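File shown: run.txt. Contents: compact mmCIF, C-alpha atoms (C1' of nucleotides).
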# COMPACT_ATOMS: atom_id res chain seq x y z
CA MET A 1 2.76 1.88 36.99
CA ILE A 2 6.27 1.86 35.64
CA GLN A 3 6.38 -1.83 36.47
CA LYS A 4 4.42 -2.55 33.31
CA MET A 5 7.21 -1.13 31.25
CA LEU A 6 9.91 -2.98 33.19
CA ASP A 7 7.97 -6.22 32.77
CA TYR A 8 7.85 -5.61 29.07
CA PHE A 9 11.57 -4.85 28.85
CA ASN A 10 12.46 -7.90 30.94
CA SER A 11 10.35 -10.10 28.71
CA VAL A 12 12.36 -8.86 25.74
CA HIS A 13 15.74 -9.27 27.43
CA PRO A 14 16.33 -9.62 31.18
CA MET A 15 17.85 -6.59 32.87
CA SER A 16 20.16 -6.48 35.87
CA SER A 17 18.82 -4.51 38.82
CA GLU A 18 21.44 -1.78 38.19
CA LEU A 19 20.25 -1.41 34.63
CA SER A 20 16.66 -1.52 35.75
CA ASP A 21 17.31 1.28 38.24
CA ALA A 22 19.05 3.34 35.60
CA VAL A 23 16.06 2.96 33.28
CA VAL A 24 13.66 3.96 36.02
CA GLY A 25 15.89 6.96 36.70
CA ILE A 26 15.38 8.42 33.24
CA THR A 27 11.68 7.59 32.96
CA GLU A 28 8.94 10.06 33.65
CA ILE A 29 5.32 9.01 34.10
CA LYS A 30 2.91 11.49 32.59
CA ASP A 31 -0.83 11.83 32.09
CA TYR A 32 -2.14 13.51 28.98
CA PRO A 33 -5.74 14.23 27.96
CA LYS A 34 -7.32 13.00 24.79
CA LYS A 35 -6.56 15.00 21.64
CA THR A 36 -3.11 16.06 22.87
CA ILE A 37 -0.65 16.36 20.00
CA LEU A 38 2.48 14.63 21.30
CA LEU A 39 4.49 15.30 18.17
CA LYS A 40 3.98 17.65 15.25
CA GLU A 41 5.15 17.11 11.71
CA GLY A 42 8.49 18.83 11.35
CA GLN A 43 9.52 18.38 14.98
CA VAL A 44 12.28 16.03 16.06
CA ALA A 45 10.96 13.17 18.20
CA ASN A 46 12.94 13.48 21.42
CA HIS A 47 10.93 11.05 23.48
CA ALA A 48 9.97 7.42 23.34
CA CYS A 49 6.89 6.79 25.48
CA PHE A 50 5.70 3.39 26.63
CA VAL A 51 1.89 3.33 26.71
CA ILE A 52 0.67 2.25 30.15
CA LYS A 53 -2.90 3.19 29.39
CA GLY A 54 -4.63 4.76 26.40
CA LEU A 55 -4.47 4.93 22.65
CA ALA A 56 -2.78 7.15 20.08
CA ARG A 57 -2.34 7.37 16.35
CA GLY A 58 0.50 8.40 14.08
CA TYR A 59 -0.51 10.19 10.92
CA TYR A 60 0.80 12.44 8.22
CA THR A 61 -0.92 14.99 6.04
CA ALA A 62 -1.02 14.49 2.30
CA GLY A 63 -2.46 17.53 0.63
CA GLU A 64 -5.71 18.28 2.43
CA LYS A 65 -6.06 14.93 4.09
CA GLU A 66 -4.69 13.12 7.08
CA VAL A 67 -3.48 9.58 6.55
CA THR A 68 -3.25 7.43 9.66
CA ARG A 69 -0.15 5.29 9.59
CA LEU A 70 -0.57 3.29 12.78
CA PHE A 71 -2.36 3.02 16.08
CA MET A 72 -0.50 2.65 19.35
CA ASP A 73 -2.17 1.22 22.42
CA GLU A 74 -1.14 -0.37 25.72
CA GLY A 75 2.28 -2.02 25.53
CA PHE A 76 3.28 -0.02 22.48
CA ILE A 77 6.04 2.56 22.43
CA ILE A 78 4.97 5.92 21.06
CA THR A 79 7.45 7.80 18.96
CA SER A 80 8.34 8.49 15.38
CA TRP A 81 11.08 5.90 15.05
CA LEU A 82 12.41 7.47 11.89
CA SER A 83 12.84 10.80 13.59
CA PHE A 84 13.91 9.40 16.95
CA TYR A 85 16.76 7.41 15.36
CA SER A 86 17.83 9.81 12.67
CA ARG A 87 17.40 12.99 14.73
CA GLN A 88 15.71 14.50 11.70
CA PRO A 89 12.33 16.26 11.71
CA ALA A 90 9.45 13.81 11.72
CA HIS A 91 7.24 13.39 8.70
CA GLU A 92 4.39 12.34 10.91
CA ALA A 93 2.39 13.67 13.81
CA ILE A 94 1.14 11.83 16.86
CA GLU A 95 -2.24 12.49 18.44
CA LEU A 96 -3.76 10.90 21.51
CA LEU A 97 -7.17 9.38 20.83
CA GLU A 98 -7.89 8.70 24.51
CA ASP A 99 -6.64 9.98 27.84
CA CYS A 100 -3.21 8.38 28.26
CA THR A 101 -0.73 7.42 30.92
CA LEU A 102 2.73 7.27 29.39
CA ALA A 103 6.22 6.34 30.59
CA CYS A 104 8.51 8.68 28.71
CA MET A 105 12.26 8.55 28.11
CA HIS A 106 14.33 11.24 26.48
CA HIS A 107 16.54 10.29 23.56
CA ASP A 108 19.72 11.67 25.11
CA ASP A 109 19.15 9.91 28.43
CA LEU A 110 18.60 6.69 26.55
CA GLN A 111 21.90 7.12 24.70
CA LYS A 112 23.67 7.47 28.03
CA ILE A 113 22.25 4.14 29.12
CA TYR A 114 23.28 2.53 25.86
CA ALA A 115 26.82 3.76 26.50
CA ALA A 116 26.93 2.84 30.18
CA PHE A 117 25.31 -0.59 29.78
CA PRO A 118 26.40 -2.21 26.49
CA GLU A 119 24.03 -5.12 27.14
CA PHE A 120 21.15 -2.65 26.97
CA ASN A 121 21.87 -2.48 23.26
CA ILE A 122 20.70 -6.06 23.01
CA LEU A 123 17.38 -5.00 24.44
CA GLY A 124 17.34 -1.94 22.22
CA ARG A 125 18.01 -4.07 19.20
CA LYS A 126 15.31 -6.55 20.09
CA VAL A 127 12.74 -3.85 20.74
CA THR A 128 13.65 -2.33 17.40
CA GLU A 129 13.29 -5.73 15.76
CA ARG A 130 9.89 -6.12 17.30
CA PHE A 131 8.66 -2.79 16.01
CA PHE A 132 10.35 -3.52 12.71
CA TYR A 133 8.34 -6.72 12.60
CA LEU A 134 5.07 -4.96 13.39
CA SER A 135 5.81 -2.32 10.80
CA GLU A 136 6.50 -4.94 8.14
CA ARG A 137 3.34 -6.79 9.07
CA ARG A 138 1.27 -3.64 8.67
CA SER A 139 2.95 -2.96 5.38
CA LEU A 140 2.22 -6.47 4.13
CA MET A 141 -1.41 -6.22 5.16
CA LEU A 142 -1.87 -3.13 3.07
CA ARG A 143 -0.27 -4.60 -0.03
CA ARG A 144 -2.24 -6.18 -2.79
CA HIS A 145 -5.48 -6.69 -0.91
CA THR A 146 -9.01 -5.54 -1.52
CA ALA A 147 -10.78 -3.14 0.83
CA GLU A 148 -12.81 -6.00 2.26
CA GLU A 149 -9.78 -8.19 2.92
CA LYS A 150 -7.95 -5.38 4.61
CA TYR A 151 -10.83 -4.57 6.91
CA GLN A 152 -11.27 -8.20 7.86
CA MET A 153 -7.59 -8.52 8.65
CA PHE A 154 -7.75 -5.37 10.72
CA VAL A 155 -10.67 -6.65 12.77
CA GLU A 156 -9.01 -10.01 13.29
CA GLN A 157 -5.69 -8.51 14.24
CA TYR A 158 -7.09 -5.83 16.52
CA PRO A 159 -10.38 -7.24 17.81
CA THR A 160 -10.58 -4.80 20.71
CA LEU A 161 -8.97 -1.85 19.02
CA PHE A 162 -11.37 -1.35 16.15
CA GLN A 163 -14.20 -0.54 18.52
CA ARG A 164 -12.23 2.29 20.08
CA ILE A 165 -11.43 4.06 16.84
CA ALA A 166 -13.54 6.28 14.59
CA GLN A 167 -14.21 4.70 11.22
CA LYS A 168 -12.84 7.50 9.19
CA GLN A 169 -9.49 6.94 10.85
CA ILE A 170 -9.60 3.23 10.25
CA ALA A 171 -10.39 4.07 6.63
CA THR A 172 -7.32 6.25 6.14
CA TYR A 173 -5.26 3.63 7.93
CA LEU A 174 -6.43 0.97 5.50
CA GLY A 175 -5.89 3.29 2.58
CA ILE A 176 -9.53 3.35 1.51
CA SER A 177 -12.22 6.00 1.58
CA GLU A 178 -14.63 6.34 4.46
CA GLU A 179 -17.53 5.50 2.16
CA THR A 180 -15.95 2.33 0.89
CA LEU A 181 -15.33 1.19 4.45
CA SER A 182 -18.94 1.88 5.32
CA ARG A 183 -20.09 -0.22 2.37
CA VAL A 184 -17.73 -3.05 3.27
CA ARG A 185 -19.13 -3.09 6.79
CA ALA A 186 -22.70 -3.13 5.53
CA LYS A 187 -21.88 -6.01 3.23
CA MET A 188 -20.25 -7.99 6.03
CA LEU A 189 -23.22 -7.47 8.33
CA LYS A 190 -25.56 -8.93 5.74
CA LYS A 191 -23.49 -12.08 5.38
CA SER A 192 -23.50 -12.92 9.07
CA MET B 193 36.71 -6.98 -1.09
CA ILE B 194 35.74 -7.44 2.51
CA GLN B 195 36.99 -3.92 3.14
CA LYS B 196 33.74 -2.54 1.74
CA MET B 197 31.83 -4.25 4.49
CA LEU B 198 34.25 -3.10 7.18
CA ASP B 199 33.97 0.45 5.89
CA TYR B 200 30.22 0.23 6.13
CA PHE B 201 30.32 -1.15 9.67
CA ASN B 202 32.81 1.48 10.75
CA SER B 203 30.61 4.21 9.34
CA VAL B 204 27.76 2.93 11.50
CA HIS B 205 29.86 2.56 14.62
CA PRO B 206 33.67 2.45 14.77
CA MET B 207 35.18 -0.94 15.53
CA SER B 208 38.42 -1.72 17.37
CA SER B 209 40.96 -3.68 15.36
CA GLU B 210 40.34 -6.75 17.53
CA LEU B 211 36.64 -6.59 16.80
CA SER B 212 37.35 -5.96 13.15
CA ASP B 213 39.58 -9.05 13.00
CA ALA B 214 36.94 -11.14 14.70
CA VAL B 215 34.35 -10.03 12.16
CA VAL B 216 36.68 -10.83 9.29
CA GLY B 217 37.26 -14.23 10.88
CA ILE B 218 33.62 -15.27 10.60
CA THR B 219 33.01 -13.75 7.17
CA GLU B 220 33.09 -15.78 4.01
CA ILE B 221 33.27 -14.17 0.58
CA LYS B 222 31.17 -16.03 -1.95
CA ASP B 223 30.23 -15.66 -5.58
CA TYR B 224 26.78 -16.72 -6.70
CA PRO B 225 25.30 -16.72 -10.18
CA LYS B 226 22.16 -14.84 -11.13
CA LYS B 227 18.88 -16.58 -10.30
CA THR B 228 20.28 -18.34 -7.25
CA ILE B 229 17.66 -18.69 -4.55
CA LEU B 230 19.48 -17.68 -1.38
CA LEU B 231 16.51 -18.30 0.88
CA LYS B 232 13.24 -20.11 0.38
CA GLU B 233 9.96 -19.32 2.06
CA GLY B 234 9.72 -21.53 5.11
CA GLN B 235 13.46 -21.79 5.69
CA VAL B 236 15.24 -20.17 8.61
CA ALA B 237 17.64 -17.45 7.50
CA ASN B 238 20.99 -18.53 8.90
CA HIS B 239 23.13 -16.02 7.10
CA ALA B 240 23.36 -12.28 6.77
CA CYS B 241 25.20 -11.32 3.59
CA PHE B 242 26.64 -7.93 2.82
CA VAL B 243 26.34 -7.19 -0.90
CA ILE B 244 29.74 -6.32 -2.34
CA LYS B 245 28.51 -6.54 -5.89
CA GLY B 246 25.18 -7.43 -7.45
CA LEU B 247 21.47 -7.20 -6.86
CA ALA B 248 18.80 -9.33 -5.22
CA ARG B 249 15.13 -9.16 -4.40
CA GLY B 250 13.02 -10.35 -1.49
CA TYR B 251 9.54 -11.55 -2.37
CA TYR B 252 6.68 -13.60 -1.11
CA THR B 253 4.05 -15.58 -2.94
CA ALA B 254 0.40 -14.59 -2.59
CA GLY B 255 -1.78 -17.15 -4.26
CA GLU B 256 -0.38 -17.62 -7.72
CA LYS B 257 1.68 -14.49 -7.80
CA GLU B 258 5.00 -13.30 -6.52
CA VAL B 259 5.05 -9.93 -4.80
CA THR B 260 8.43 -8.25 -4.57
CA ARG B 261 8.92 -6.64 -1.22
CA LEU B 262 12.31 -5.02 -1.66
CA PHE B 263 15.46 -4.86 -3.74
CA MET B 264 18.91 -5.22 -2.21
CA ASP B 265 21.97 -3.91 -4.00
CA GLU B 266 25.54 -2.92 -3.14
CA GLY B 267 25.89 -1.90 0.50
CA PHE B 268 22.73 -3.68 1.55
CA ILE B 269 22.65 -6.66 3.84
CA ILE B 270 20.74 -9.60 2.44
CA THR B 271 18.73 -11.64 4.87
CA SER B 272 15.25 -11.98 6.18
CA TRP B 273 15.74 -9.96 9.35
CA LEU B 274 12.63 -11.32 10.96
CA SER B 275 13.74 -14.89 10.45
CA PHE B 276 17.40 -14.26 11.16
CA TYR B 277 16.71 -12.82 14.58
CA SER B 278 13.68 -14.81 15.62
CA ARG B 279 15.05 -18.15 14.30
CA GLN B 280 11.62 -18.77 12.83
CA PRO B 281 10.92 -19.79 9.23
CA ALA B 282 10.96 -16.87 6.84
CA HIS B 283 7.79 -15.64 5.15
CA GLU B 284 9.78 -14.43 2.21
CA ALA B 285 12.23 -15.78 -0.34
CA ILE B 286 15.36 -14.15 -1.70
CA GLU B 287 16.50 -14.44 -5.29
CA LEU B 288 19.60 -13.01 -6.93
CA LEU B 289 18.80 -10.86 -9.94
CA GLU B 290 22.43 -10.52 -11.01
CA ASP B 291 25.68 -12.41 -10.40
CA CYS B 292 26.66 -11.46 -6.87
CA THR B 293 29.68 -11.24 -4.63
CA LEU B 294 28.56 -11.51 -1.04
CA ALA B 295 30.26 -11.33 2.35
CA CYS B 296 28.33 -13.83 4.45
CA MET B 297 28.18 -14.30 8.21
CA HIS B 298 26.46 -17.15 9.98
CA HIS B 299 23.96 -16.34 12.70
CA ASP B 300 25.71 -18.43 15.36
CA ASP B 301 29.13 -16.93 14.65
CA LEU B 302 27.62 -13.49 14.90
CA GLN B 303 26.13 -14.33 18.29
CA LYS B 304 29.58 -15.32 19.51
CA ILE B 305 30.87 -11.91 18.53
CA TYR B 306 27.96 -10.20 20.26
CA ALA B 307 28.93 -12.12 23.41
CA ALA B 308 32.69 -11.55 23.15
CA PHE B 309 32.45 -7.86 22.20
CA PRO B 310 29.55 -6.19 24.01
CA GLU B 311 30.12 -2.97 22.08
CA PHE B 312 29.29 -4.85 18.88
CA ASN B 313 25.71 -4.80 20.11
CA ILE B 314 25.73 -1.06 19.54
CA LEU B 315 26.56 -1.67 15.90
CA GLY B 316 23.95 -4.42 15.70
CA ARG B 317 21.33 -2.12 17.13
CA LYS B 318 22.20 0.70 14.76
CA VAL B 319 22.20 -1.55 11.72
CA THR B 320 18.79 -2.84 12.76
CA GLU B 321 17.59 0.74 13.19
CA ARG B 322 18.82 1.62 9.74
CA PHE B 323 17.02 -1.24 8.06
CA PHE B 324 13.91 -0.44 10.04
CA TYR B 325 14.19 3.08 8.74
CA LEU B 326 14.47 1.93 5.14
CA SER B 327 11.53 -0.40 5.61
CA GLU B 328 9.33 2.40 6.92
CA ARG B 329 10.35 4.63 4.08
CA ARG B 330 9.37 1.98 1.54
CA SER B 331 6.10 1.50 3.32
CA LEU B 332 5.31 5.22 3.19
CA MET B 333 6.04 5.40 -0.49
CA LEU B 334 3.48 2.74 -1.25
CA ARG B 335 0.66 4.35 0.71
CA ARG B 336 -2.04 6.48 -0.82
CA HIS B 337 -0.31 7.26 -4.07
CA THR B 338 -1.32 6.72 -7.66
CA ALA B 339 0.56 4.34 -9.90
CA GLU B 340 2.25 7.26 -11.61
CA GLU B 341 3.37 8.88 -8.37
CA LYS B 342 4.78 5.65 -7.07
CA TYR B 343 6.76 5.00 -10.19
CA GLN B 344 8.15 8.52 -10.19
CA MET B 345 9.21 8.18 -6.58
CA PHE B 346 10.83 4.86 -7.35
CA VAL B 347 12.83 6.32 -10.21
CA GLU B 348 13.90 9.29 -8.13
CA GLN B 349 14.87 7.19 -5.15
CA TYR B 350 16.69 4.50 -7.12
CA PRO B 351 17.90 6.27 -10.27
CA THR B 352 20.42 3.57 -11.12
CA LEU B 353 18.47 0.61 -9.83
CA PHE B 354 15.38 0.88 -11.98
CA GLN B 355 17.39 0.26 -15.12
CA ARG B 356 18.69 -3.03 -13.76
CA ILE B 357 15.33 -4.51 -12.86
CA ALA B 358 12.67 -6.12 -15.03
CA GLN B 359 9.50 -4.07 -15.17
CA LYS B 360 7.22 -6.78 -14.03
CA GLN B 361 9.19 -6.95 -10.79
CA ILE B 362 9.09 -3.22 -10.33
CA ALA B 363 5.34 -3.50 -10.90
CA THR B 364 4.78 -6.05 -8.14
CA TYR B 365 7.02 -4.00 -5.89
CA LEU B 366 4.89 -0.92 -6.48
CA GLY B 367 1.71 -2.93 -6.07
CA ILE B 368 0.42 -2.30 -9.58
CA SER B 369 0.01 -4.48 -12.64
CA GLU B 370 2.66 -4.80 -15.29
CA GLU B 371 0.34 -3.26 -17.87
CA THR B 372 -0.42 -0.23 -15.75
CA LEU B 373 3.29 0.35 -15.25
CA SER B 374 3.86 0.12 -18.97
CA ARG B 375 1.15 2.72 -19.61
CA VAL B 376 2.55 5.02 -16.96
CA ARG B 377 5.96 4.86 -18.58
CA ALA B 378 4.51 5.58 -22.01
CA LYS B 379 2.67 8.58 -20.61
CA MET B 380 5.78 9.93 -18.92
CA LEU B 381 7.83 9.60 -22.09
CA LYS B 382 5.33 11.71 -24.00
CA LYS B 383 5.52 14.51 -21.48
CA SER B 384 9.28 14.89 -21.62
C1' DT C 385 -35.34 18.27 26.13
C1' DT C 386 -33.71 20.63 21.94
C1' DA C 387 -30.21 22.11 18.91
C1' DC C 388 -25.81 21.56 17.04
C1' DG C 389 -21.93 19.32 15.22
C1' DT C 390 -19.88 15.14 14.10
C1' DT C 391 -19.93 10.61 12.28
C1' DC C 392 -21.90 7.22 9.50
C1' DT C 393 -24.63 5.60 5.55
C1' DT C 394 -26.40 5.48 0.91
C1' DG C 395 -26.98 6.63 -4.06
C1' DA C 396 -25.28 8.20 -8.59
C1' DC C 397 -21.58 8.69 -11.27
C1' DA C 398 -16.43 9.32 -12.52
C1' DT C 399 -11.86 7.60 -12.36
C1' DT C 400 -8.33 4.45 -11.71
C1' DT C 401 -6.61 0.19 -12.17
C1' DG C 402 -6.91 -4.73 -13.31
C1' DT C 403 -7.68 -8.53 -16.59
C1' DC C 404 -7.54 -10.80 -20.82
C1' DA C 405 -5.76 -11.13 -25.26
C1' DA C 406 -2.93 -10.08 -29.10
C1' DG C 407 1.06 -8.45 -31.12
C1' DA C 408 5.81 -6.16 -30.94
C1' DT C 409 10.26 -6.08 -29.10
C1' DT C 410 14.19 -7.71 -26.76
C1' DT C 411 17.20 -11.25 -24.90
C1' DG C 412 19.57 -15.49 -24.55
C1' DC C 413 21.49 -19.17 -26.70
C1' DC C 414 22.89 -22.55 -30.33
C1' DG D 415 22.41 -15.05 -37.94
C1' DG D 416 18.19 -17.02 -36.44
C1' DC D 417 15.03 -19.39 -33.42
C1' DA D 418 12.68 -19.63 -28.91
C1' DA D 419 11.48 -17.68 -24.74
C1' DA D 420 10.80 -13.95 -22.05
C1' DT D 421 9.53 -9.24 -21.71
C1' DC D 422 7.11 -5.23 -22.92
C1' DT D 423 3.30 -2.66 -25.19
C1' DT D 424 -1.36 -1.69 -26.58
C1' DG D 425 -6.42 -2.11 -26.91
C1' DA D 426 -11.03 -3.30 -25.19
C1' DC D 427 -13.55 -4.11 -21.47
C1' DA D 428 -14.63 -5.19 -16.43
C1' DA D 429 -14.14 -4.48 -11.60
C1' DA D 430 -12.91 -1.90 -7.66
C1' DT D 431 -12.73 2.23 -5.54
C1' DG D 432 -13.11 7.33 -5.17
C1' DT D 433 -15.81 11.60 -5.22
C1' DC D 434 -19.70 14.38 -4.51
C1' DA D 435 -23.90 15.12 -2.33
C1' DA D 436 -27.66 14.35 0.66
C1' DG D 437 -29.68 12.57 4.55
C1' DA D 438 -29.79 9.52 8.93
C1' DA D 439 -27.96 8.42 13.33
C1' DC D 440 -25.43 9.61 17.23
C1' DG D 441 -23.29 12.16 20.97
C1' DT D 442 -22.74 16.41 23.58
C1' DA D 443 -23.74 20.60 25.77
C1' DA D 444 -26.75 24.40 26.93

Please express what this file holds, its structure, as structure tokens.
Amino acid sequence: MIQKMLDYFNSVHPMSSELSDAVVGITEIKDYPKKTILLKEGQVANHACFVIKGLARGYYTAGEKEVTRLFMDEGFIITSWLSFYSRQPAHEAIELLEDCTLACMHHDDLQKIYAAFPEFNILGRKVTERFFYLSERRSLMLRRHTAEEKYQMFVEQYPTLFQRIAQKQIATYLGISEETLSRVRAKMLKKS
Amino acid sequence: MIQKMLDYFNSVHPMSSELSDAVVGITEIKDYPKKTILLKEGQVANHACFVIKGLARGYYTAGEKEVTRLFMDEGFIITSWLSFYSRQPAHEAIELLEDCTLACMHHDDLQKIYAAFPEFNILGRKVTERFFYLSERRSLMLRRHTAEEKYQMFVEQYPTLFQRIAQKQIATYLGISEETLSRVRAKMLKKS
DNA sequence: TTACGTTCTTGACATTTGTCAAGATTTGCC
DNA sequence: GGCAAATCTTGACAAATGTCAAGAACGTAA
């Protein structure tokens, strides 16, 4: 189980076996059922959880409505990075959309490893860069595009994911209304 | 001059005097005139430049139009992070909006410091985290808000900056047309 | 199976924003 | 100062998207 996470870390930056052991030492494998709220708005994100199996979403509430900011599936690390890094209350919540198996690390334990193994900071930096990259890519996708373009990009970028997610959540993710998404889909079906 | 950069680095993570000297050793202070293109789309970003004085913008071209992704002023580090770290061609260009004084470090020299001073990786990681944080915050601001809300947030968040930047660039940054921005401003003036 | 709640679709209409075009204002430069 | 270029403003209209409301389709549990 935990091997999936180690494989991922090693692919980012190879770890010595001592470092690897230390990482395993602070990692806890947990199963959570669908609909679990892993993090509430206003809480500090103390854990970073590698997704071994399952799917989650990060969202925030604006007025009455929930706006989905991102989806996190296998190979992703679940946390509110803003909160996890800054130690400030999160502005977003995290909800599991499917039953999940997660490999969780506590912030403080992670800091100890950063201190004990300076080279782990290279890995930390690269993981951060990777999520930075994904975040920027999402942000770019949402900028200056029509509803139709955004949905097409979403389907192309996440060909398996979009079938696992309710449309109203895809809609808030894309920043369009549920109805508009429905119409876009109808229009695309006609064409093909 | 270079002290401003050292102060910033030390505030992120304290540096030993040896490390500090090594950083100074690879840093070059340069003056560039307004309108200089520091990085073109398709080039690899070889430098990371701390802004001592001045202002720049990162943008990409979508079809005919330029879309401004971010502004970088004093205390910011100018580069395309994605390109700088991945050594891949950048998807964005960087243009100076004012005459600038920059403290520039070359990617390869920086790598040597990472190797010689493992603890510098801590600083590198934290700087990356900080820019990730700023990126996410920008991304949030642009989501699900009206033109008026976005402009108000921009003014509040960058009270000094918005007076230094042409409106059409603020408009592309906010993802709205120049005309809409102009109307929003007119409307806000009336109210106050 | 039925009954219920949720999700998805569709129509009518309102609102926001974009586009095009013209004119006003500001800026840079000789 | 005065001209040219760039920037900003304003109006009229078009396009995209949102909102409200109703009904269809789907999944789930008794």

For chain A, work out the contacting residues on chain C at 9 Å, counting all atoms listed in the file, and write them as a PDB file with C-alpha atoms (C1' of nucleotides), in the coordinates of the input.
ATOM      1  C1'  DT C 391     -19.930  10.610  12.280  1.00  0.00           C
ATOM      2  C1'  DC C 392     -21.900   7.220   9.500  1.00  0.00           C
ATOM      3  C1'  DT C 393     -24.630   5.600   5.550  1.00  0.00           C
ATOM      4  C1'  DT C 394     -26.400   5.480   0.910  1.00  0.00           C
TER       5       DT C 394
END

Residues of chain A at most 9 Å from chain B: nearest atom pair and distance in Å, all atoms listed in the file, as CSV:
residue,atom,partner,partner_atom,distance
A:Ala62,CA,B:Arg336,CA,8.7
A:Val67,CA,B:Arg336,CA,8.1
A:Arg69,CA,B:Leu332,CA,8.4
A:Trp81,CA,B:Tyr325,CA,7.6
A:Leu82,CA,B:Tyr325,CA,5.7
A:Tyr85,CA,B:Glu321,CA,7.1
A:Ser86,CA,B:Tyr325,CA,8.6
A:Tyr114,CA,B:Ile314,CA,7.7
A:Ala115,CA,B:Ile314,CA,8.5
A:Pro118,CA,B:Pro310,CA,5.6
A:Glu119,CA,B:Pro310,CA,6.4
A:Phe120,CA,B:Asn313,CA,8.5
A:Asn121,CA,B:Asn313,CA,5.5
A:Ile122,CA,B:Asn313,CA,5.9
A:Leu123,CA,B:Arg317,CA,8.8
A:Gly124,CA,B:Arg317,CA,6.5
A:Arg125,CA,B:Arg317,CA,4.4
A:Lys126,CA,B:Arg317,CA,8.0
A:Thr128,CA,B:Glu321,CA,6.5
A:Glu129,CA,B:Thr320,CA,6.9
A:Arg130,CA,B:Leu274,CA,8.6
A:Phe131,CA,B:Phe324,CA,8.3
A:Phe132,CA,B:Phe324,CA,5.4
A:Tyr133,CA,B:Leu274,CA,6.5
A:Ser135,CA,B:Glu328,CA,7.1
A:Glu136,CA,B:Ser327,CA,7.2
A:Arg138,CA,B:Ser331,CA,8.9
A:Ser139,CA,B:Ser331,CA,5.8
A:Leu140,CA,B:Arg261,CA,8.6
A:Leu142,CA,B:Arg335,CA,8.2
A:Arg143,CA,B:Gly367,CA,6.6
A:Arg144,CA,B:Gly367,CA,6.1
A:Thr172,CA,B:Arg336,CA,8.7
A:Gly175,CA,B:Arg336,CA,6.0
A:Ile176,CA,B:Arg336,CA,8.4

field: Spatial neighbours of Asp108 of chain A, 10 Å, all atoms listed in the file, chain gap at least 6 places, as a list in words
entry: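 The residues satisfying every condition are Ile26, Asn46, His47 and Tyr114 of chain A.
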
For chain D against chain A, which residues fall within 12 Å using only C-alpha atoms (C1' of nucleotides), given as a PDB file with C-alpha atoms (C1' of nucleotides), in the coordinates of the input?
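Heads up, here's the output in out-v3.pdb:
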ATOM      1  C1'  DA D 429     -14.140  -4.480 -11.600  1.00  0.00           C
ATOM      2  C1'  DA D 430     -12.910  -1.900  -7.660  1.00  0.00           C
ATOM      3  C1'  DT D 431     -12.730   2.230  -5.540  1.00  0.00           C
ATOM      4  C1'  DG D 432     -13.110   7.330  -5.170  1.00  0.00           C
ATOM      5  C1'  DT D 433     -15.810  11.600  -5.220  1.00  0.00           C
ATOM      6  C1'  DC D 434     -19.700  14.380  -4.510  1.00  0.00           C
TER       7       DC D 434
END

Point-to-point distance in Å for atom CA of Lys222 of chain B and atom CA of Glu287 of chain B: 15.1 Å

task: Would you mind reading off the distance between atom CA of Thr219 of chain B and atom CA of Ile286 of chain B, one decimal, in Å?
output: 19.8 Å

- prompt: Separation of atom CA of Arg356 of chain B and atom CA of Ala248 of chain B, in Å?
  reply: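 Going from atom CA of Arg356 of chain B over to atom CA of Ala248 of chain B covers 10.6 Å.
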
message: The residues within 6 Å of (0.1, 3.8, 15.1), using all atoms listed in the file and the coordinates of the file, should be reported as a ChimeraX atom specification; which are they?
response: /A:57-58,69-72

May I have the selected residues written with C-alpha atoms, as a tab-separated table (two decimals), in the frame of the given file?
chain	number	residue	atom	x	y	z
A	57	ARG	CA	-2.34	7.37	16.35
A	58	GLY	CA	0.50	8.40	14.08
A	69	ARG	CA	-0.15	5.29	9.59
A	70	LEU	CA	-0.57	3.29	12.78
A	71	PHE	CA	-2.36	3.02	16.08
A	72	MET	CA	-0.50	2.65	19.35

task: Choose the residue, out of D:DC422, D:DA439, D:DC417, D:DA428, that has the smallest atom-to-atom separation from DT390 of chain C; count all atoms listed in the file.
output: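 So, comparing all the options, the nearest one is D:DA439.
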
Pick out the residues sitting within 12 Å of Met297 of chain B, and hand them over as a compact mmCIF listing (two decimals) with C-alpha atoms, in the frame of the given file; count all atoms listed in the file, and ignore anything fewer than 6 positions along from it in its own chain.
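Output below, filename out_7.txt:
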# COMPACT_ATOMS: atom_id res chain seq x y z
CA ILE B 194 35.74 -7.44 2.51
CA MET B 197 31.83 -4.25 4.49
CA ALA B 214 36.94 -11.14 14.70
CA VAL B 215 34.35 -10.03 12.16
CA VAL B 216 36.68 -10.83 9.29
CA GLY B 217 37.26 -14.23 10.88
CA ILE B 218 33.62 -15.27 10.60
CA THR B 219 33.01 -13.75 7.17
CA GLU B 220 33.09 -15.78 4.01
CA ILE B 221 33.27 -14.17 0.58
CA LYS B 222 31.17 -16.03 -1.95
CA ALA B 237 17.64 -17.45 7.50
CA ASN B 238 20.99 -18.53 8.90
CA HIS B 239 23.13 -16.02 7.10
CA ALA B 240 23.36 -12.28 6.77
CA CYS B 241 25.20 -11.32 3.59
CA PHE B 242 26.64 -7.93 2.82
CA VAL B 243 26.34 -7.19 -0.90
CA ILE B 269 22.65 -6.66 3.84
CA ILE B 270 20.74 -9.60 2.44
CA THR B 271 18.73 -11.64 4.87
CA PHE B 276 17.40 -14.26 11.16
CA GLN B 303 26.13 -14.33 18.29
CA LYS B 304 29.58 -15.32 19.51
CA ILE B 305 30.87 -11.91 18.53

task: Between C:DG389, C:DG402, C:DG407, C:DG395, single out the one closest to DT424 of chain D, counting all atoms listed in the file.
output: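 Counting all atoms listed in the file, the residue closest to DT424 of chain D is C:DG407.
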